[in-house]
file model31.tsv (TSV, N, CA and C atoms)
chain	number	residue	atom	x	y	z
A	29	MET	N	-17.22	-12.08	14.48
A	29	MET	CA	-17.71	-10.73	14.61
A	29	MET	C	-17.48	-10.02	13.26
A	30	ILE	N	-18.55	-9.46	12.72
A	30	ILE	CA	-18.46	-8.76	11.45
A	30	ILE	C	-17.62	-7.49	11.64
A	31	ASN	N	-16.97	-7.05	10.59
A	31	ASN	CA	-16.04	-5.91	10.58
A	31	ASN	C	-14.70	-6.25	11.21
A	32	SER	N	-14.49	-7.49	11.55
A	32	SER	CA	-13.20	-7.91	12.06
A	32	SER	C	-12.18	-7.94	10.93
A	33	LYS	N	-10.92	-7.67	11.27
A	33	LYS	CA	-9.83	-7.73	10.31
A	33	LYS	C	-9.18	-9.11	10.38
A	34	ILE	N	-9.09	-9.75	9.24
A	34	ILE	CA	-8.45	-11.06	9.15
A	34	ILE	C	-7.22	-10.93	8.26
A	35	LEU	N	-6.08	-11.38	8.77
A	35	LEU	CA	-4.86	-11.42	7.98
A	35	LEU	C	-4.71	-12.84	7.43
A	36	ILE	N	-4.64	-12.95	6.11
A	36	ILE	CA	-4.41	-14.24	5.45
A	36	ILE	C	-2.95	-14.27	5.02
A	37	VAL	N	-2.21	-15.25	5.55
A	37	VAL	CA	-0.79	-15.40	5.22
A	37	VAL	C	-0.64	-16.65	4.37
A	38	ASP	N	-0.48	-16.45	3.07
A	38	ASP	CA	-0.38	-17.58	2.14
A	38	ASP	C	0.21	-17.08	0.84
A	39	ASP	N	1.08	-17.88	0.23
A	39	ASP	CA	1.67	-17.49	-1.05
A	39	ASP	C	0.88	-18.04	-2.24
A	40	ASP	N	-0.20	-18.77	-2.00
A	40	ASP	CA	-1.06	-19.30	-3.07
A	40	ASP	C	-2.08	-18.22	-3.45
A	41	LYS	N	-1.84	-17.56	-4.59
A	41	LYS	CA	-2.67	-16.43	-5.00
A	41	LYS	C	-4.12	-16.83	-5.26
A	42	ASP	N	-4.33	-18.03	-5.79
A	42	ASP	CA	-5.70	-18.48	-6.06
A	42	ASP	C	-6.48	-18.70	-4.76
A	43	LEU	N	-5.85	-19.34	-3.81
A	43	LEU	CA	-6.50	-19.55	-2.51
A	43	LEU	C	-6.76	-18.22	-1.83
A	44	LEU	N	-5.79	-17.34	-1.88
A	44	LEU	CA	-5.93	-16.02	-1.28
A	44	LEU	C	-7.12	-15.28	-1.85
A	45	LEU	N	-7.26	-15.29	-3.16
A	45	LEU	CA	-8.38	-14.61	-3.81
A	45	LEU	C	-9.71	-15.25	-3.41
A	46	ALA	N	-9.76	-16.57	-3.41
A	46	ALA	CA	-10.99	-17.27	-3.04
A	46	ALA	C	-11.40	-16.95	-1.60
A	47	LEU	N	-10.43	-16.95	-0.69
A	47	LEU	CA	-10.74	-16.63	0.70
A	47	LEU	C	-11.16	-15.17	0.85
A	48	LYS	N	-10.50	-14.27	0.13
A	48	LYS	CA	-10.87	-12.85	0.19
A	48	LYS	C	-12.33	-12.67	-0.22
A	49	VAL	N	-12.71	-13.30	-1.33
A	49	VAL	CA	-14.09	-13.17	-1.83
A	49	VAL	C	-15.08	-13.71	-0.81
A	50	ARG	N	-14.82	-14.90	-0.31
A	50	ARG	CA	-15.75	-15.52	0.65
A	50	ARG	C	-15.86	-14.71	1.95
A	51	LEU	N	-14.74	-14.24	2.44
A	51	LEU	CA	-14.75	-13.55	3.74
A	51	LEU	C	-15.25	-12.11	3.63
A	52	THR	N	-14.90	-11.40	2.56
A	52	THR	CA	-15.42	-10.03	2.41
A	52	THR	C	-16.93	-10.05	2.19
A	53	SER	N	-17.44	-11.09	1.52
A	53	SER	CA	-18.89	-11.19	1.32
A	53	SER	C	-19.62	-11.41	2.64
A	54	ARG	N	-18.91	-11.84	3.65
A	54	ARG	CA	-19.50	-12.04	4.99
A	54	ARG	C	-19.21	-10.87	5.93
A	55	GLY	N	-18.60	-9.81	5.38
A	55	GLY	CA	-18.40	-8.59	6.16
A	55	GLY	C	-17.04	-8.45	6.84
A	56	TYR	N	-16.12	-9.35	6.56
A	56	TYR	CA	-14.79	-9.26	7.18
A	56	TYR	C	-13.87	-8.38	6.34
A	57	GLY	N	-13.01	-7.64	7.01
A	57	GLY	CA	-11.96	-6.88	6.33
A	57	GLY	C	-10.77	-7.81	6.16
A	58	ILE	N	-10.16	-7.80	4.99
A	58	ILE	CA	-9.08	-8.74	4.70
A	58	ILE	C	-7.77	-8.01	4.45
A	59	LEU	N	-6.73	-8.49	5.11
A	59	LEU	CA	-5.35	-8.10	4.86
A	59	LEU	C	-4.67	-9.36	4.35
A	60	SER	N	-3.60	-9.22	3.57
A	60	SER	CA	-2.92	-10.42	3.11
A	60	SER	C	-1.41	-10.22	3.09
A	61	ALA	N	-0.72	-11.35	3.24
A	61	ALA	CA	0.74	-11.35	3.22
A	61	ALA	C	1.19	-12.63	2.52
A	62	PRO	N	2.12	-12.51	1.55
A	62	PRO	CA	2.57	-13.69	0.81
A	62	PRO	C	3.74	-14.43	1.45
A	63	ASP	N	4.29	-13.86	2.53
A	63	ASP	CA	5.48	-14.47	3.13
A	63	ASP	C	5.56	-14.10	4.62
A	64	ALA	N	6.48	-14.74	5.32
A	64	ALA	CA	6.62	-14.54	6.76
A	64	ALA	C	7.02	-13.11	7.12
A	65	ALA	N	7.97	-12.54	6.38
A	65	ALA	CA	8.44	-11.19	6.70
A	65	ALA	C	7.31	-10.17	6.60
A	66	THR	N	6.53	-10.25	5.53
A	66	THR	CA	5.40	-9.33	5.37
A	66	THR	C	4.35	-9.58	6.45
A	67	ALA	N	4.12	-10.84	6.77
A	67	ALA	CA	3.14	-11.18	7.81
A	67	ALA	C	3.51	-10.57	9.15
A	68	ILE	N	4.76	-10.68	9.53
A	68	ILE	CA	5.23	-10.12	10.80
A	68	ILE	C	5.07	-8.61	10.81
A	69	LEU	N	5.41	-7.97	9.71
A	69	LEU	CA	5.23	-6.53	9.60
A	69	LEU	C	3.76	-6.13	9.72
A	70	MET	N	2.89	-6.87	9.04
A	70	MET	CA	1.47	-6.54	9.06
A	70	MET	C	0.83	-6.81	10.42
A	71	VAL	N	1.25	-7.87	11.08
A	71	VAL	CA	0.73	-8.15	12.42
A	71	VAL	C	1.11	-7.01	13.35
A	72	SER	N	2.34	-6.57	13.28
A	72	SER	CA	2.81	-5.48	14.13
A	72	SER	C	2.08	-4.18	13.84
A	73	GLN	N	1.87	-3.90	12.57
A	73	GLN	CA	1.28	-2.63	12.17
A	73	GLN	C	-0.24	-2.58	12.34
A	74	TYR	N	-0.94	-3.66	11.95
A	74	TYR	CA	-2.40	-3.61	11.89
A	74	TYR	C	-3.12	-4.35	13.02
A	75	LYS	N	-2.43	-5.20	13.76
A	75	LYS	CA	-3.04	-5.96	14.85
A	75	LYS	C	-4.39	-6.57	14.41
A	76	PRO	N	-4.36	-7.52	13.47
A	76	PRO	CA	-5.61	-8.11	12.99
A	76	PRO	C	-6.34	-8.84	14.12
A	77	ASP	N	-7.62	-9.09	13.91
A	77	ASP	CA	-8.43	-9.78	14.91
A	77	ASP	C	-8.24	-11.29	14.84
A	78	LEU	N	-7.78	-11.78	13.69
A	78	LEU	CA	-7.56	-13.21	13.49
A	78	LEU	C	-6.58	-13.38	12.35
A	79	ILE	N	-5.82	-14.49	12.38
A	79	ILE	CA	-4.83	-14.77	11.33
A	79	ILE	C	-5.09	-16.17	10.78
A	80	LEU	N	-5.19	-16.27	9.45
A	80	LEU	CA	-5.20	-17.55	8.76
A	80	LEU	C	-3.78	-17.74	8.24
A	81	LEU	N	-3.11	-18.79	8.69
A	81	LEU	CA	-1.67	-18.92	8.47
A	81	LEU	C	-1.29	-20.22	7.79
A	82	ASP	N	-0.62	-20.10	6.65
A	82	ASP	CA	-0.04	-21.26	5.97
A	82	ASP	C	1.29	-21.57	6.65
A	83	LEU	N	1.65	-22.84	6.70
A	83	LEU	CA	2.94	-23.21	7.30
A	83	LEU	C	4.07	-23.16	6.28
A	84	GLY	N	3.76	-23.40	5.02
A	84	GLY	CA	4.78	-23.41	3.98
A	84	GLY	C	4.87	-22.07	3.28
A	85	LEU	N	5.80	-21.24	3.72
A	85	LEU	CA	5.96	-19.91	3.15
A	85	LEU	C	7.30	-19.83	2.43
A	86	PRO	N	7.39	-18.99	1.38
A	86	PRO	CA	8.62	-18.98	0.57
A	86	PRO	C	9.88	-18.53	1.30
A	87	ASP	N	9.77	-17.68	2.31
A	87	ASP	CA	10.96	-17.16	2.98
A	87	ASP	C	11.20	-17.76	4.36
A	88	SER	N	10.28	-18.57	4.83
A	88	SER	CA	10.39	-19.13	6.17
A	88	SER	C	9.28	-20.15	6.33
A	89	ASN	N	8.72	-20.24	7.55
A	89	ASN	CA	7.56	-21.10	7.75
A	89	ASN	C	6.61	-20.45	8.75
A	90	GLY	N	5.41	-20.98	8.79
A	90	GLY	CA	4.38	-20.41	9.66
A	90	GLY	C	4.71	-20.48	11.14
A	91	PHE	N	5.54	-21.43	11.53
A	91	PHE	CA	5.90	-21.53	12.95
A	91	PHE	C	6.69	-20.30	13.40
A	92	VAL	N	7.51	-19.75	12.52
A	92	VAL	CA	8.27	-18.53	12.84
A	92	VAL	C	7.30	-17.37	13.07
A	93	VAL	N	6.31	-17.26	12.20
A	93	VAL	CA	5.30	-16.20	12.34
A	93	VAL	C	4.52	-16.38	13.64
A	94	MET	N	4.09	-17.60	13.90
A	94	MET	CA	3.32	-17.85	15.12
A	94	MET	C	4.14	-17.57	16.37
A	95	ASP	N	5.41	-17.94	16.34
A	95	ASP	CA	6.29	-17.67	17.48
A	95	ASP	C	6.39	-16.17	17.73
A	96	PHE	N	6.55	-15.39	16.67
A	96	PHE	CA	6.62	-13.93	16.80
A	96	PHE	C	5.33	-13.39	17.42
A	97	ILE	N	4.20	-13.81	16.90
A	97	ILE	CA	2.90	-13.34	17.38
A	97	ILE	C	2.71	-13.65	18.85
A	98	LYS	N	3.02	-14.87	19.24
A	98	LYS	CA	2.76	-15.32	20.61
A	98	LYS	C	3.73	-14.74	21.63
A	99	GLN	N	4.89	-14.25	21.19
A	99	GLN	CA	5.87	-13.70	22.13
A	99	GLN	C	5.61	-12.25	22.52
A	100	LEU	N	4.88	-11.52	21.69
A	100	LEU	CA	4.60	-10.12	22.00
A	100	LEU	C	3.29	-9.98	22.75
A	101	THR	N	3.32	-9.24	23.82
A	101	THR	CA	2.12	-9.02	24.62
A	101	THR	C	1.00	-8.41	23.79
A	102	SER	N	1.35	-7.50	22.89
A	102	SER	CA	0.34	-6.78	22.11
A	102	SER	C	-0.33	-7.65	21.04
A	103	THR	N	0.27	-8.80	20.71
A	103	THR	CA	-0.32	-9.65	19.67
A	103	THR	C	-0.59	-11.08	20.14
A	104	ALA	N	-0.17	-11.43	21.33
A	104	ALA	CA	-0.26	-12.81	21.80
A	104	ALA	C	-1.68	-13.36	21.83
A	105	SER	N	-2.67	-12.51	21.99
A	105	SER	CA	-4.05	-12.99	22.09
A	105	SER	C	-4.74	-13.11	20.72
A	106	ILE	N	-4.06	-12.74	19.65
A	106	ILE	CA	-4.67	-12.87	18.31
A	106	ILE	C	-4.80	-14.35	17.97
A	107	PRO	N	-6.02	-14.82	17.70
A	107	PRO	CA	-6.17	-16.23	17.34
A	107	PRO	C	-5.58	-16.53	15.97
A	108	VAL	N	-4.92	-17.68	15.89
A	108	VAL	CA	-4.30	-18.14	14.64
A	108	VAL	C	-4.95	-19.46	14.26
A	109	ILE	N	-5.42	-19.52	13.01
A	109	ILE	CA	-5.93	-20.77	12.46
A	109	ILE	C	-4.99	-21.16	11.32
A	110	VAL	N	-4.41	-22.33	11.42
A	110	VAL	CA	-3.49	-22.80	10.39
A	110	VAL	C	-4.30	-23.40	9.24
A	111	VAL	N	-3.94	-22.99	8.02
A	111	VAL	CA	-4.53	-23.52	6.80
A	111	VAL	C	-3.35	-23.92	5.92
A	112	SER	N	-3.06	-25.22	5.86
A	112	SER	CA	-1.82	-25.66	5.23
A	112	SER	C	-2.01	-26.96	4.45
A	113	ALA	N	-1.17	-27.15	3.47
A	113	ALA	CA	-1.16	-28.42	2.73
A	113	ALA	C	-0.34	-29.48	3.46
A	114	ARG	N	0.36	-29.07	4.48
A	114	ARG	CA	1.18	-30.03	5.24
A	114	ARG	C	0.28	-31.04	5.94
A	115	PRO	N	0.72	-32.30	6.05
A	115	PRO	CA	-0.13	-33.37	6.58
A	115	PRO	C	-0.62	-33.10	8.01
A	116	LEU	N	-1.90	-33.26	8.15
A	116	LEU	CA	-2.58	-33.05	9.44
A	116	LEU	C	-1.96	-33.92	10.54
A	117	ASN	N	-1.70	-35.19	10.22
A	117	ASN	CA	-1.21	-36.13	11.25
A	117	ASN	C	0.19	-35.80	11.73
A	118	VAL	N	0.95	-35.01	10.97
A	118	VAL	CA	2.31	-34.64	11.36
A	118	VAL	C	2.37	-33.25	11.97
A	119	TYR	N	1.59	-32.31	11.43
A	119	TYR	CA	1.75	-30.90	11.79
A	119	TYR	C	0.68	-30.32	12.71
A	120	LYS	N	-0.46	-30.99	12.85
A	120	LYS	CA	-1.52	-30.40	13.66
A	120	LYS	C	-1.09	-30.25	15.13
A	121	LYS	N	-0.58	-31.29	15.72
A	121	LYS	CA	-0.21	-31.22	17.14
A	121	LYS	C	0.86	-30.15	17.40
A	122	PRO	N	1.96	-30.11	16.62
A	122	PRO	CA	2.93	-29.04	16.85
A	122	PRO	C	2.34	-27.64	16.64
A	123	ALA	N	1.44	-27.50	15.67
A	123	ALA	CA	0.81	-26.19	15.44
A	123	ALA	C	-0.05	-25.78	16.63
A	124	LEU	N	-0.81	-26.71	17.17
A	124	LEU	CA	-1.65	-26.40	18.33
A	124	LEU	C	-0.78	-26.09	19.55
A	125	LEU	N	0.30	-26.83	19.71
A	125	LEU	CA	1.21	-26.57	20.83
A	125	LEU	C	1.89	-25.20	20.69
A	126	ALA	N	2.09	-24.75	19.45
A	126	ALA	CA	2.72	-23.44	19.20
A	126	ALA	C	1.74	-22.29	19.38
A	127	GLY	N	0.44	-22.62	19.55
A	127	GLY	CA	-0.53	-21.57	19.81
A	127	GLY	C	-1.69	-21.46	18.84
A	128	ALA	N	-1.71	-22.29	17.79
A	128	ALA	CA	-2.83	-22.25	16.85
A	128	ALA	C	-4.11	-22.71	17.54
A	129	LYS	N	-5.21	-22.11	17.15
A	129	LYS	CA	-6.52	-22.48	17.70
A	129	LYS	C	-7.15	-23.64	16.95
A	130	ASP	N	-6.78	-23.80	15.67
A	130	ASP	CA	-7.33	-24.88	14.85
A	130	ASP	C	-6.38	-25.13	13.69
A	131	TYR	N	-6.61	-26.25	12.98
A	131	TYR	CA	-5.75	-26.64	11.87
A	131	TYR	C	-6.62	-27.20	10.76
A	132	PHE	N	-6.49	-26.65	9.56
A	132	PHE	CA	-7.21	-27.14	8.40
A	132	PHE	C	-6.19	-27.53	7.34
A	133	GLN	N	-6.32	-28.76	6.85
A	133	GLN	CA	-5.44	-29.21	5.78
A	133	GLN	C	-6.11	-28.89	4.44
A	134	LYS	N	-5.32	-28.32	3.52
A	134	LYS	CA	-5.81	-28.04	2.17
A	134	LYS	C	-5.93	-29.35	1.41
A	135	PRO	N	-6.95	-29.54	0.60
A	135	PRO	CA	-8.13	-28.69	0.48
A	135	PRO	C	-9.04	-28.88	1.69
A	136	PHE	N	-9.80	-27.88	2.01
A	136	PHE	CA	-10.66	-27.91	3.19
A	136	PHE	C	-12.07	-27.51	2.79
A	137	GLU	N	-13.00	-27.79	3.68
A	137	GLU	CA	-14.40	-27.39	3.47
A	137	GLU	C	-14.53	-25.92	3.88
A	138	ASN	N	-14.98	-25.08	2.96
A	138	ASN	CA	-15.10	-23.65	3.24
A	138	ASN	C	-15.98	-23.37	4.44
A	139	GLU	N	-17.10	-24.05	4.55
A	139	GLU	CA	-18.01	-23.78	5.66
A	139	GLU	C	-17.40	-24.15	7.00
A	140	ASP	N	-16.60	-25.20	7.03
A	140	ASP	CA	-15.93	-25.58	8.29
A	140	ASP	C	-14.96	-24.48	8.72
A	141	LEU	N	-14.22	-23.93	7.76
A	141	LEU	CA	-13.29	-22.83	8.08
A	141	LEU	C	-14.06	-21.59	8.54
A	142	ILE	N	-15.15	-21.27	7.86
A	142	ILE	CA	-15.97	-20.11	8.25
A	142	ILE	C	-16.48	-20.28	9.68
A	143	LYS	N	-16.94	-21.47	10.02
A	143	LYS	CA	-17.43	-21.73	11.38
A	143	LYS	C	-16.31	-21.56	12.41
A	144	ALA	N	-15.11	-22.02	12.08
A	144	ALA	CA	-13.97	-21.87	13.00
A	144	ALA	C	-13.64	-20.39	13.18
A	145	ILE	N	-13.69	-19.62	12.10
A	145	ILE	CA	-13.43	-18.18	12.18
A	145	ILE	C	-14.48	-17.51	13.05
A	146	GLN	N	-15.74	-17.83	12.81
A	146	GLN	CA	-16.83	-17.24	13.60
A	146	GLN	C	-16.69	-17.59	15.09
A	147	ARG	N	-16.31	-18.83	15.35
A	147	ARG	CA	-16.14	-19.27	16.74
A	147	ARG	C	-15.03	-18.47	17.44
A	148	GLU	N	-13.91	-18.27	16.74
A	148	GLU	CA	-12.79	-17.54	17.34
A	148	GLU	C	-13.08	-16.06	17.50
A	149	LEU	N	-13.91	-15.50	16.64
A	149	LEU	CA	-14.20	-14.06	16.71
A	149	LEU	C	-15.46	-13.75	17.50
A	150	ALA	N	-16.14	-14.77	17.99
A	150	ALA	CA	-17.36	-14.54	18.77
A	150	ALA	C	-17.00	-13.82	20.07
A	151	PRO	N	-17.86	-12.88	20.47
A	151	PRO	CA	-17.60	-12.19	21.76
A	151	PRO	C	-17.55	-13.19	22.91
A	152	ALA	N	-16.65	-12.97	23.82
A	152	ALA	CA	-16.49	-13.89	24.96
A	152	ALA	C	-17.64	-13.78	25.93
call {"tool": "encode", "arguments": {"input": "model31.tsv", "output": "structure tokens"}}
result
Amino acid sequence: MINSKILIVDDDKDLLLALKVRLTSRGYGILSAPDAATAILMVSQYKPDLILLDLGLPDSNGFVVMDFIKQLTSTASIPVIVVSARPLNVYKKPALLAGAKDYFQKPFENEDLIKAIQRELAPA
């Protein structure tokens, strides 16, 4: 859904910029957080429509962020898509069990990620 707010949680500034450019050009509003603490604060404050979440964060990991999101009634329904360099064969299943809707290993195909975002933000 266009005009949706997407929170990108990643400490990779180049990836963050690339995703911001691609997603804003498609009409999405972008928020960003470089670490778990900022991500938790931003989720609480802005209630984004979707979260793109890296698992490897400088102050913690994405599972801590996902656990926080899924435990609060006000944020539990926010879809989370994991975008991580961590190996798919090791981390995808735990991420999905923790509540992620999808898992993309870096590097990923931009169009595949865009399709996953559109699918999660499509009206029910």
call {"tool": "residues_around", "arguments": {"input": "model31.tsv", "residues": "A:Ala113", "least_positions_apart": "3", "cutoff": "12 Å", "atoms": "only C-alpha atoms", "output": "compact mmCIF listing (two decimals) with N, CA and C atoms, in the coordinates of the input"}}
result
# COMPACT_ATOMS: atom_id res chain seq x y z
N ASP A 38 -0.48 -16.45 3.07
CA ASP A 38 -0.38 -17.58 2.14
C ASP A 38 0.21 -17.08 0.84
N ASP A 39 1.08 -17.88 0.23
CA ASP A 39 1.67 -17.49 -1.05
C ASP A 39 0.88 -18.04 -2.24
N ASP A 40 -0.20 -18.77 -2.00
CA ASP A 40 -1.06 -19.30 -3.07
C ASP A 40 -2.08 -18.22 -3.45
N LEU A 43 -5.85 -19.34 -3.81
CA LEU A 43 -6.50 -19.55 -2.51
C LEU A 43 -6.76 -18.22 -1.83
N LEU A 81 -3.11 -18.79 8.69
CA LEU A 81 -1.67 -18.92 8.47
C LEU A 81 -1.29 -20.22 7.79
N ASP A 82 -0.62 -20.10 6.65
CA ASP A 82 -0.04 -21.26 5.97
C ASP A 82 1.29 -21.57 6.65
N LEU A 83 1.65 -22.84 6.70
CA LEU A 83 2.94 -23.21 7.30
C LEU A 83 4.07 -23.16 6.28
N GLY A 84 3.76 -23.40 5.02
CA GLY A 84 4.78 -23.41 3.98
C GLY A 84 4.87 -22.07 3.28
N LEU A 85 5.80 -21.24 3.72
CA LEU A 85 5.96 -19.91 3.15
C LEU A 85 7.30 -19.83 2.43
N GLY A 90 5.41 -20.98 8.79
CA GLY A 90 4.38 -20.41 9.66
C GLY A 90 4.71 -20.48 11.14
N VAL A 110 -4.41 -22.33 11.42
CA VAL A 110 -3.49 -22.80 10.39
C VAL A 110 -4.30 -23.40 9.24
N LEU A 116 -1.90 -33.26 8.15
CA LEU A 116 -2.58 -33.05 9.44
C LEU A 116 -1.96 -33.92 10.54
N ASN A 117 -1.70 -35.19 10.22
CA ASN A 117 -1.21 -36.13 11.25
C ASN A 117 0.19 -35.80 11.73
N VAL A 118 0.95 -35.01 10.97
CA VAL A 118 2.31 -34.64 11.36
C VAL A 118 2.37 -33.25 11.97
N TYR A 119 1.59 -32.31 11.43
CA TYR A 119 1.75 -30.90 11.79
C TYR A 119 0.68 -30.32 12.71
N LYS A 120 -0.46 -30.99 12.85
CA LYS A 120 -1.52 -30.40 13.66
C LYS A 120 -1.09 -30.25 15.13
N TYR A 131 -6.61 -26.25 12.98
CA TYR A 131 -5.75 -26.64 11.87
C TYR A 131 -6.62 -27.20 10.76
N PHE A 132 -6.49 -26.65 9.56
CA PHE A 132 -7.21 -27.14 8.40
C PHE A 132 -6.19 -27.53 7.34
N GLN A 133 -6.32 -28.76 6.85
CA GLN A 133 -5.44 -29.21 5.78
C GLN A 133 -6.11 -28.89 4.44
N LYS A 134 -5.32 -28.32 3.52
CA LYS A 134 -5.81 -28.04 2.17
C LYS A 134 -5.93 -29.35 1.41
N PRO A 135 -6.95 -29.54 0.60
CA PRO A 135 -8.13 -28.69 0.48
C PRO A 135 -9.04 -28.88 1.69
N PHE A 136 -9.80 -27.88 2.01
CA PHE A 136 -10.66 -27.91 3.19
C PHE A 136 -12.07 -27.51 2.79
call {"tool": "select_by_dssp", "arguments": {"input": "model31.tsv", "residues": "stretch 74-144 of chain A", "states": "helix (DSSP H, G or I)", "output": "JSON, numbers by chain"}}
result
{"A": [74, 90, 91, 92, 93, 94, 95, 96, 97, 98, 99, 116, 117, 118, 119, 120, 121, 122, 123, 124, 125, 138, 139, 140, 141, 142, 143, 144]}
call {"tool": "atom_distance", "arguments": {"input": "model31.tsv", "atom1": "atom N of A:Ser60", "atom2": "atom N of A:Lys48"}}
result
9.2 Å
call {"tool": "closest_residue", "arguments": {"input": "model31.tsv", "among": "A:Leu45, A:Leu149, A:Val37, A:Ile106", "to": "A:Lys75", "atoms": "only N, CA and C atoms"}}
result
A:Ile106
call {"tool": "atom_distance", "arguments": {"input": "model31.tsv", "atom1": "atom C of A:Tyr74", "atom2": "atom C of A:Val93"}}
result
14.3 Å
